[in-house]
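Trainee: Next up is a structure, given as structure tokens.
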Amino acid sequence: DRMHRKLTQNPAYARRIGKIRSRTVEPVLGTLVNFLNMRRINSRGMAQANKHVMMAALTYNLKKYLAFERRSAKRPA
């Protein structure tokens, strides 16, 4: 309730927070949905769905880590 009041009373703050969220969260969700087939979770129960999402997040982070490692591991010939 406090956060809702804060966002409705201060539109500039709400806009700033929205931009930050768009920069940090939306690309991750877009990647999970479009490239890692997270359009639908075919599992039963919250525990299984949670495990599915955690594995997708782990995959996303590992792919980013491997790309980072490949770029920085180049040695001059």
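Every chain in the structure tokens takes a letter, A first, then B, and so on in the order presented; its residues are numbered from 1, and the ligands are numbered from 1 following the presented order.
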List as a list in words the protein and nucleic acid residues near region 24-30 of chain A, meaning an atom at most 10 Å away when only C-alpha atoms are counted, but skip any in the same chain fewer than 4 places from it.

Mentor: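 Here the answer would be Lys19, Ile20, Asn34, Phe35, Leu36, Met38, Arg39, Ala57, Tyr60 and Asn61 of chain A.
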
Trainee: If we count only C-alpha atoms and set the cut-off at 10 Å, which residues sit around Val53 (chain A), ignoring sequence neighbours fewer than 4 positions away in its own chain? Please answer as number ranges by chain.

Mentor: A: 32, 38, 41, 48-49, 57-59

Trainee: Going by DSSP on the backbone, which bits of chain A are alpha helix (DSSP H)? Write them as a ChimeraX atom specification, please.

Mentor: /A:2-9,11-24,26-35,45-72

Trainee: Any idea what the distance is between CA of His52 (chain A) and CA of Thr31 (chain A)?

Mentor: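 CA of His52 (chain A) sits 15.3 Å away from CA of Thr31 (chain A).
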
Trainee: Could you state the separation of CA of Ser22 (chain A) and CA of Met3 (chain A) in Å, given to one decimal place?

Mentor: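 CA of Met3 (chain A) lies at a distance of 17.8 Å from CA of Ser22 (chain A).
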
Trainee: Separation of CA of Met46 (chain A) and CA of Leu62 (chain A), in Å?

Mentor: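 Separating CA of Met46 (chain A) from CA of Leu62 (chain A) is a distance of 24.0 Å.
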